[in-house]
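Take a look at the structure below.
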Amino acid sequence: MTLHLNQQLTPLIEELNLQEQQQFIVHPLEKVRDLNSSCEILEKYADTKWSIINLLNQKYKQNFDLCHWLDDNLDDEVSFFLNEAGSNCLNYSQFKAPYQYHLWLGKDNFILGIEQKGQGFNAEEVNKNRIKSNAGKAFEFFRNCKSKIFFDNPLNAKIVYFQWSKR
């Protein structure tokens with residue numbers, strides 16, 4: 001499936017056979033993460049990712065594990081998405097933290113979104129010009145994964161989406 005710069009969320013939700021929708025707020029303030037707030041925000045960020053992983057494993061009888069990313073296990077695309085896109089929010093978003101995670105659960109598939117507040121980024125330009133290619137693996141992963149990756153707005157992205165289906 002891979003990177004789809006012109007994909008829209010609404011038609012995919014309609015095809016999902018939606019059973020449940022959840023949001024997980026991490027950092028709602030429009031304030032840059034700093035030494036005074038980092039511990040609390042990073043703890044909430046980590047707890048949120050594990051909550052999502054546990055929920056998905058229970059619902060879809062999978063073995064997603066955030067540690068697979070550390071082992072460079074590309075078969076666990078959920079782990080890679082949560083870690084790479086989340087890392088980009090921590091390092092490059094205006095407020096240095098994800099605002100919230102969105103999760104739409106269908107019977108055999110789901111859509112996961114990571115949203116940042118503040119200034120968006122030009123996903124089309126980052127992809128085309130391979131910007132920051134040595135600073136992380138996010139766009140390399142986005143281009144090569146089997147699941148579908150798309151954005152709320154490819155020219156001013158604030159949300160990165162990941163669509164997973166049982167194979």
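Ordering of the structure tokens sets the chain letters (A, B, ...), residue numbers begin anew at 1 in every chain, and ligands are numbered from 1 in the order given.
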
As a ChimeraX atom specification, please: all residues of stretch 27-163 of chain A that backbone DSSP puts in helix (DSSP H, G or I). /A:38-60,67-70,77-92,123-129,138-144

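For A:Leu82, the non-local neighbours within 8 Å, defined as residues at least 3 positions apart in the same chain or in other chains and counting only C-alpha atoms, are Lys49, Leu66, Val78, Ser79, Ala85 and Gly86 of chain A.
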
Write out as a list in words each polymer residue whose atoms come within 12 Å of A:Lys96, counting only C-alpha atoms; drop sequence neighbours fewer than 4 positions from it. Val26, His27, Pro28, Leu29, Glu30, Lys31, Val32, Arg33, Asp34, Leu35, Ser37, Ser38, Ile41, Leu42, Tyr45, Gly86, Ser87, Asn88, Cys89, Leu90, Asn91, Tyr92, Glu115, Gln116, Lys117, Gly118 and Gln119 of chain A

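Residues lying within 7 Å of A:Gln21, counting only C-alpha atoms and ignoring same-chain neighbours fewer than 3 positions away, are Leu103, Trp104 and Leu105 of chain A.
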
Could you produce a table of the residues of stretch 53-108 of chain A lying within 9 Å of stretch 136-153 of chain A, with the nearest pair of atoms per residue and their separation in Å rounded to one decimal, using only C-alpha atoms, ordered by chain and increasing residue number, as JSON lines?
```
{"residue": "A:Leu74", "atom": "CA", "partner": "A:Cys145", "partner_atom": "CA", "distance": 8.1}
{"residue": "A:Asp75", "atom": "CA", "partner": "A:Cys145", "partner_atom": "CA", "distance": 8.9}
{"residue": "A:Glu77", "atom": "CA", "partner": "A:Cys145", "partner_atom": "CA", "distance": 6.9}
{"residue": "A:Phe80", "atom": "CA", "partner": "A:Phe141", "partner_atom": "CA", "distance": 7.7}
{"residue": "A:Phe81", "atom": "CA", "partner": "A:Ala138", "partner_atom": "CA", "distance": 7.6}
{"residue": "A:Asn83", "atom": "CA", "partner": "A:Ala138", "partner_atom": "CA", "distance": 8.7}
{"residue": "A:Glu84", "atom": "CA", "partner": "A:Ala138", "partner_atom": "CA", "distance": 5.0}
{"residue": "A:Ala85", "atom": "CA", "partner": "A:Ala138", "partner_atom": "CA", "distance": 6.2}
{"residue": "A:Ser87", "atom": "CA", "partner": "A:Ala138", "partner_atom": "CA", "distance": 8.6}
{"residue": "A:Asn88", "atom": "CA", "partner": "A:Ala138", "partner_atom": "CA", "distance": 7.6}
```

Could the residues in this selection be saved with all heavy atoms as a PDB file, in the first residue's frame?
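Heads up, here's the output in part_36.pdb:
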```pdb
ATOM      1  N   LEU A  74      10.795  -5.019  10.927  1.00  0.00           N
ATOM      2  CA  LEU A  74       9.895  -4.298  10.023  1.00  0.00           C
ATOM      3  C   LEU A  74       8.554  -4.993   9.837  1.00  0.00           C
ATOM      4  O   LEU A  74       7.627  -4.396   9.280  1.00  0.00           O
ATOM      5  CB  LEU A  74      10.563  -4.084   8.667  1.00  0.00           C
ATOM      6  CG  LEU A  74      11.728  -3.092   8.674  1.00  0.00           C
ATOM      7  CD1 LEU A  74      12.478  -3.115   7.350  1.00  0.00           C
ATOM      8  CD2 LEU A  74      11.245  -1.692   8.986  1.00  0.00           C
ATOM      9  N   ASP A  75       8.429  -6.239  10.294  1.00  0.00           N
ATOM     10  CA  ASP A  75       7.141  -6.925  10.180  1.00  0.00           C
ATOM     11  C   ASP A  75       6.095  -6.294  11.093  1.00  0.00           C
ATOM     12  O   ASP A  75       4.903  -6.421  10.844  1.00  0.00           O
ATOM     13  CB  ASP A  75       7.292  -8.409  10.532  1.00  0.00           C
ATOM     14  CG  ASP A  75       8.111  -9.148   9.492  1.00  0.00           C
ATOM     15  OD1 ASP A  75       8.116  -8.731   8.311  1.00  0.00           O
ATOM     16  OD2 ASP A  75       8.757 -10.144   9.867  1.00  0.00           O
ATOM     17  N   GLU A  77       4.678  -3.269  11.648  1.00  0.00           N
ATOM     18  CA  GLU A  77       4.534  -1.907  11.130  1.00  0.00           C
ATOM     19  C   GLU A  77       3.845  -0.976  12.117  1.00  0.00           C
ATOM     20  O   GLU A  77       4.099   0.224  12.109  1.00  0.00           O
ATOM     21  CB  GLU A  77       3.778  -1.939   9.802  1.00  0.00           C
ATOM     22  CG  GLU A  77       4.572  -2.597   8.712  1.00  0.00           C
ATOM     23  CD  GLU A  77       3.902  -2.562   7.362  1.00  0.00           C
ATOM     24  OE1 GLU A  77       2.674  -2.301   7.280  1.00  0.00           O
ATOM     25  OE2 GLU A  77       4.609  -2.794   6.374  1.00  0.00           O
ATOM     26  N   PHE A  80       6.575   0.329  14.318  1.00  0.00           N
ATOM     27  CA  PHE A  80       7.386   1.290  13.570  1.00  0.00           C
ATOM     28  C   PHE A  80       6.648   2.610  13.398  1.00  0.00           C
ATOM     29  O   PHE A  80       7.228   3.675  13.575  1.00  0.00           O
ATOM     30  CB  PHE A  80       7.809   0.720  12.208  1.00  0.00           C
ATOM     31  CG  PHE A  80       9.198   0.185  12.224  1.00  0.00           C
ATOM     32  CD1 PHE A  80       9.471  -1.046  12.814  1.00  0.00           C
ATOM     33  CD2 PHE A  80      10.254   0.902  11.700  1.00  0.00           C
ATOM     34  CE1 PHE A  80      10.755  -1.546  12.856  1.00  0.00           C
ATOM     35  CE2 PHE A  80      11.547   0.414  11.737  1.00  0.00           C
ATOM     36  CZ  PHE A  80      11.797  -0.811  12.319  1.00  0.00           C
ATOM     37  N   PHE A  81       5.365   2.547  13.060  1.00  0.00           N
ATOM     38  CA  PHE A  81       4.604   3.782  12.879  1.00  0.00           C
ATOM     39  C   PHE A  81       4.550   4.583  14.177  1.00  0.00           C
ATOM     40  O   PHE A  81       4.848   5.786  14.180  1.00  0.00           O
ATOM     41  CB  PHE A  81       3.185   3.495  12.382  1.00  0.00           C
ATOM     42  CG  PHE A  81       2.352   4.735  12.263  1.00  0.00           C
ATOM     43  CD1 PHE A  81       2.543   5.609  11.207  1.00  0.00           C
ATOM     44  CD2 PHE A  81       1.405   5.057  13.217  1.00  0.00           C
ATOM     45  CE1 PHE A  81       1.804   6.777  11.106  1.00  0.00           C
ATOM     46  CE2 PHE A  81       0.655   6.212  13.130  1.00  0.00           C
ATOM     47  CZ  PHE A  81       0.850   7.083  12.064  1.00  0.00           C
ATOM     48  N   ASN A  83       6.463   4.544  16.789  1.00  0.00           N
ATOM     49  CA  ASN A  83       7.762   5.046  17.213  1.00  0.00           C
ATOM     50  C   ASN A  83       8.346   6.088  16.273  1.00  0.00           C
ATOM     51  O   ASN A  83       8.863   7.110  16.722  1.00  0.00           O
ATOM     52  CB  ASN A  83       8.743   3.883  17.415  1.00  0.00           C
ATOM     53  CG  ASN A  83       8.469   3.143  18.696  1.00  0.00           C
ATOM     54  OD1 ASN A  83       8.460   3.726  19.768  1.00  0.00           O
ATOM     55  ND2 ASN A  83       8.224   1.856  18.595  1.00  0.00           N
ATOM     56  N   GLU A  84       8.274   5.861  14.969  1.00  0.00           N
ATOM     57  CA  GLU A  84       8.870   6.805  14.019  1.00  0.00           C
ATOM     58  C   GLU A  84       8.064   8.098  13.922  1.00  0.00           C
ATOM     59  O   GLU A  84       8.624   9.194  14.006  1.00  0.00           O
ATOM     60  CB  GLU A  84       9.022   6.164  12.631  1.00  0.00           C
ATOM     61  CG  GLU A  84      10.083   5.096  12.572  1.00  0.00           C
ATOM     62  CD  GLU A  84      11.498   5.615  12.765  1.00  0.00           C
ATOM     63  OE1 GLU A  84      11.750   6.824  12.619  1.00  0.00           O
ATOM     64  OE2 GLU A  84      12.379   4.790  13.070  1.00  0.00           O
ATOM     65  N   ALA A  85       6.754   7.985  13.743  1.00  0.00           N
ATOM     66  CA  ALA A  85       5.934   9.201  13.648  1.00  0.00           C
ATOM     67  C   ALA A  85       5.905   9.936  14.987  1.00  0.00           C
ATOM     68  O   ALA A  85       5.950  11.169  15.032  1.00  0.00           O
ATOM     69  CB  ALA A  85       4.527   8.851  13.177  1.00  0.00           C
ATOM     70  N   SER A  87       8.306   9.891  17.260  1.00  0.00           N
ATOM     71  CA  SER A  87       9.633  10.501  17.401  1.00  0.00           C
ATOM     72  C   SER A  87       9.725  11.801  16.611  1.00  0.00           C
ATOM     73  O   SER A  87      10.316  12.785  17.075  1.00  0.00           O
ATOM     74  CB  SER A  87      10.691   9.508  16.933  1.00  0.00           C
ATOM     75  OG  SER A  87      11.955  10.096  16.933  1.00  0.00           O
ATOM     76  N   ASN A  88       9.149  11.810  15.424  1.00  0.00           N
ATOM     77  CA  ASN A  88       9.141  13.048  14.634  1.00  0.00           C
ATOM     78  C   ASN A  88       8.391  14.163  15.355  1.00  0.00           C
ATOM     79  O   ASN A  88       8.821  15.315  15.325  1.00  0.00           O
ATOM     80  CB  ASN A  88       8.545  12.811  13.249  1.00  0.00           C
ATOM     81  CG  ASN A  88       9.548  12.183  12.310  1.00  0.00           C
ATOM     82  OD1 ASN A  88      10.707  11.972  12.664  1.00  0.00           O
ATOM     83  ND2 ASN A  88       9.092  11.865  11.114  1.00  0.00           N
TER      84      ASN A  88
END
```

Atomic separation - atom CA of A:Glu15 relative to atom CA of A:Gly106, Å: 8.9 Å

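With only C-alpha atoms taken into account, the protein and nucleic acid residues at most 9 Å from A:His102 (excluding it and anything under 2 positions from it in its own chain) are Gln21, Gln22, Gln23, Phe24, Ile25, Gln100, Trp104, Ile111, Leu112, Gly113, Ile114, Glu115 and Tyr161 of chain A.
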
Restricting the output to all heavy atoms, write the selected residues as a short mmCIF file (atom, residue, chain, number, x, y, z; two decimals), in the first residue's frame.
```cif
data_model
loop_
_atom_site.label_atom_id
_atom_site.label_comp_id
_atom_site.auth_asym_id
_atom_site.auth_seq_id
_atom_site.Cartn_x
_atom_site.Cartn_y
_atom_site.Cartn_z
N GLN A 21 -14.34 4.30 18.11
CA GLN A 21 -13.37 5.36 17.87
C GLN A 21 -12.85 5.84 19.22
O GLN A 21 -13.62 5.96 20.18
CB GLN A 21 -14.02 6.52 17.12
CG GLN A 21 -13.08 7.66 16.86
CD GLN A 21 -13.74 8.81 16.11
OE1 GLN A 21 -14.87 8.74 15.70
NE2 GLN A 21 -13.00 9.88 15.94
N GLN A 22 -11.54 6.08 19.30
CA GLN A 22 -10.96 6.57 20.54
C GLN A 22 -9.94 7.66 20.26
O GLN A 22 -9.35 7.70 19.18
CB GLN A 22 -10.26 5.42 21.30
CG GLN A 22 -11.21 4.39 21.82
CD GLN A 22 -10.53 3.48 22.83
OE1 GLN A 22 -9.58 3.86 23.51
NE2 GLN A 22 -11.04 2.27 22.95
N GLN A 23 -9.74 8.51 21.25
CA GLN A 23 -8.70 9.53 21.20
C GLN A 23 -7.90 9.44 22.49
O GLN A 23 -8.44 9.18 23.56
CB GLN A 23 -9.31 10.93 21.07
CG GLN A 23 -9.99 11.15 19.74
CD GLN A 23 -10.63 12.52 19.67
OE1 GLN A 23 -11.35 12.92 20.57
NE2 GLN A 23 -10.34 13.23 18.60
N PHE A 24 -6.59 9.66 22.35
CA PHE A 24 -5.68 9.63 23.48
C PHE A 24 -4.90 10.93 23.47
O PHE A 24 -4.04 11.14 22.62
CB PHE A 24 -4.70 8.46 23.33
CG PHE A 24 -5.34 7.10 23.20
CD1 PHE A 24 -5.80 6.66 21.97
CD2 PHE A 24 -5.47 6.28 24.30
CE1 PHE A 24 -6.37 5.41 21.83
CE2 PHE A 24 -6.05 5.02 24.18
CZ PHE A 24 -6.50 4.59 22.94
N ILE A 25 -5.20 11.82 24.41
CA ILE A 25 -4.54 13.12 24.46
C ILE A 25 -3.22 13.00 25.23
O ILE A 25 -3.17 12.44 26.33
CB ILE A 25 -5.45 14.18 25.09
CG1 ILE A 25 -6.67 14.39 24.18
CG2 ILE A 25 -4.70 15.49 25.30
CD1 ILE A 25 -7.72 15.33 24.74
N GLN A 100 -2.27 14.48 20.16
CA GLN A 100 -3.13 13.34 20.47
C GLN A 100 -3.01 12.26 19.41
O GLN A 100 -2.54 12.50 18.31
CB GLN A 100 -4.58 13.76 20.63
CG GLN A 100 -5.25 14.25 19.36
CD GLN A 100 -6.70 14.65 19.62
OE1 GLN A 100 -7.34 14.19 20.56
NE2 GLN A 100 -7.21 15.54 18.79
N TRP A 104 -9.46 4.60 14.95
CA TRP A 104 -10.73 4.14 14.43
C TRP A 104 -10.61 2.63 14.25
O TRP A 104 -9.76 2.15 13.49
CB TRP A 104 -11.06 4.79 13.08
CG TRP A 104 -11.31 6.25 13.17
CD1 TRP A 104 -12.50 6.88 13.35
CD2 TRP A 104 -10.33 7.30 13.05
NE1 TRP A 104 -12.33 8.24 13.36
CE2 TRP A 104 -11.00 8.53 13.19
CE3 TRP A 104 -8.94 7.31 12.84
CZ2 TRP A 104 -10.36 9.75 13.11
CZ3 TRP A 104 -8.29 8.53 12.78
CH2 TRP A 104 -9.00 9.74 12.91
N ILE A 111 -7.52 2.42 11.64
CA ILE A 111 -6.76 3.60 11.21
C ILE A 111 -6.27 4.27 12.48
O ILE A 111 -7.02 4.48 13.43
CB ILE A 111 -7.62 4.57 10.39
CG1 ILE A 111 -8.10 3.89 9.11
CG2 ILE A 111 -6.83 5.85 10.07
CD1 ILE A 111 -9.14 4.69 8.34
N LEU A 112 -4.99 4.57 12.49
CA LEU A 112 -4.34 5.21 13.62
C LEU A 112 -3.77 6.53 13.14
O LEU A 112 -3.17 6.59 12.07
CB LEU A 112 -3.22 4.29 14.13
CG LEU A 112 -2.32 4.75 15.25
CD1 LEU A 112 -3.12 5.07 16.51
CD2 LEU A 112 -1.29 3.67 15.56
N GLY A 113 -3.99 7.60 13.89
CA GLY A 113 -3.45 8.90 13.52
C GLY A 113 -2.68 9.52 14.68
O GLY A 113 -3.06 9.38 15.84
N ILE A 114 -1.59 10.21 14.34
CA ILE A 114 -0.83 10.97 15.33
C ILE A 114 -0.91 12.43 14.92
O ILE A 114 -0.52 12.80 13.81
CB ILE A 114 0.64 10.50 15.39
CG1 ILE A 114 0.72 9.03 15.78
CG2 ILE A 114 1.43 11.37 16.37
CD1 ILE A 114 2.12 8.46 15.81
N GLU A 115 -1.42 13.25 15.83
CA GLU A 115 -1.65 14.67 15.54
C GLU A 115 -0.72 15.55 16.36
O GLU A 115 -0.50 15.29 17.55
CB GLU A 115 -3.10 15.02 15.85
CG GLU A 115 -3.47 16.46 15.57
CD GLU A 115 -4.93 16.77 15.79
OE1 GLU A 115 -5.71 15.86 16.14
OE2 GLU A 115 -5.31 17.95 15.62
N TYR A 161 -1.53 9.53 9.26
CA TYR A 161 -2.42 8.39 9.44
C TYR A 161 -1.76 7.10 8.96
O TYR A 161 -0.96 7.11 8.03
CB TYR A 161 -3.70 8.58 8.64
CG TYR A 161 -4.57 9.73 9.08
CD1 TYR A 161 -4.63 10.89 8.32
CD2 TYR A 161 -5.33 9.65 10.25
CE1 TYR A 161 -5.44 11.95 8.71
CE2 TYR A 161 -6.13 10.71 10.64
CZ TYR A 161 -6.19 11.85 9.87
OH TYR A 161 -6.97 12.90 10.25
#
```

Would you return as number ranges by chain the members of stretch 36-121 of chain A that DSSP assigns to strand (DSSP E or B) on this structure's backbone? A: 100-105, 109-115, 121

Just to confirm, what's the straight-line distance from atom CA of A:Asp65 to atom CA of A:Pro98 in Å (one decimal)? 19.7 Å

Contacts of A:Lys59 within 12 Å, only C-alpha atoms, excl. fewer than 2 positions in-chain, as a PyMOL selection string: chain A and resi 19-20+52-57+61-64+105-110+166

In Å, how far is it from atom CA of A:Tyr60 to atom CA of A:Pro11?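 Atom CA of A:Tyr60 sits 22.0 Å away from atom CA of A:Pro11.
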
Counting only C-alpha atoms, closest pick from A:Ala97, A:Ala123, A:Ile131, A:Leu18 relative to A:Val160 is A:Ala123
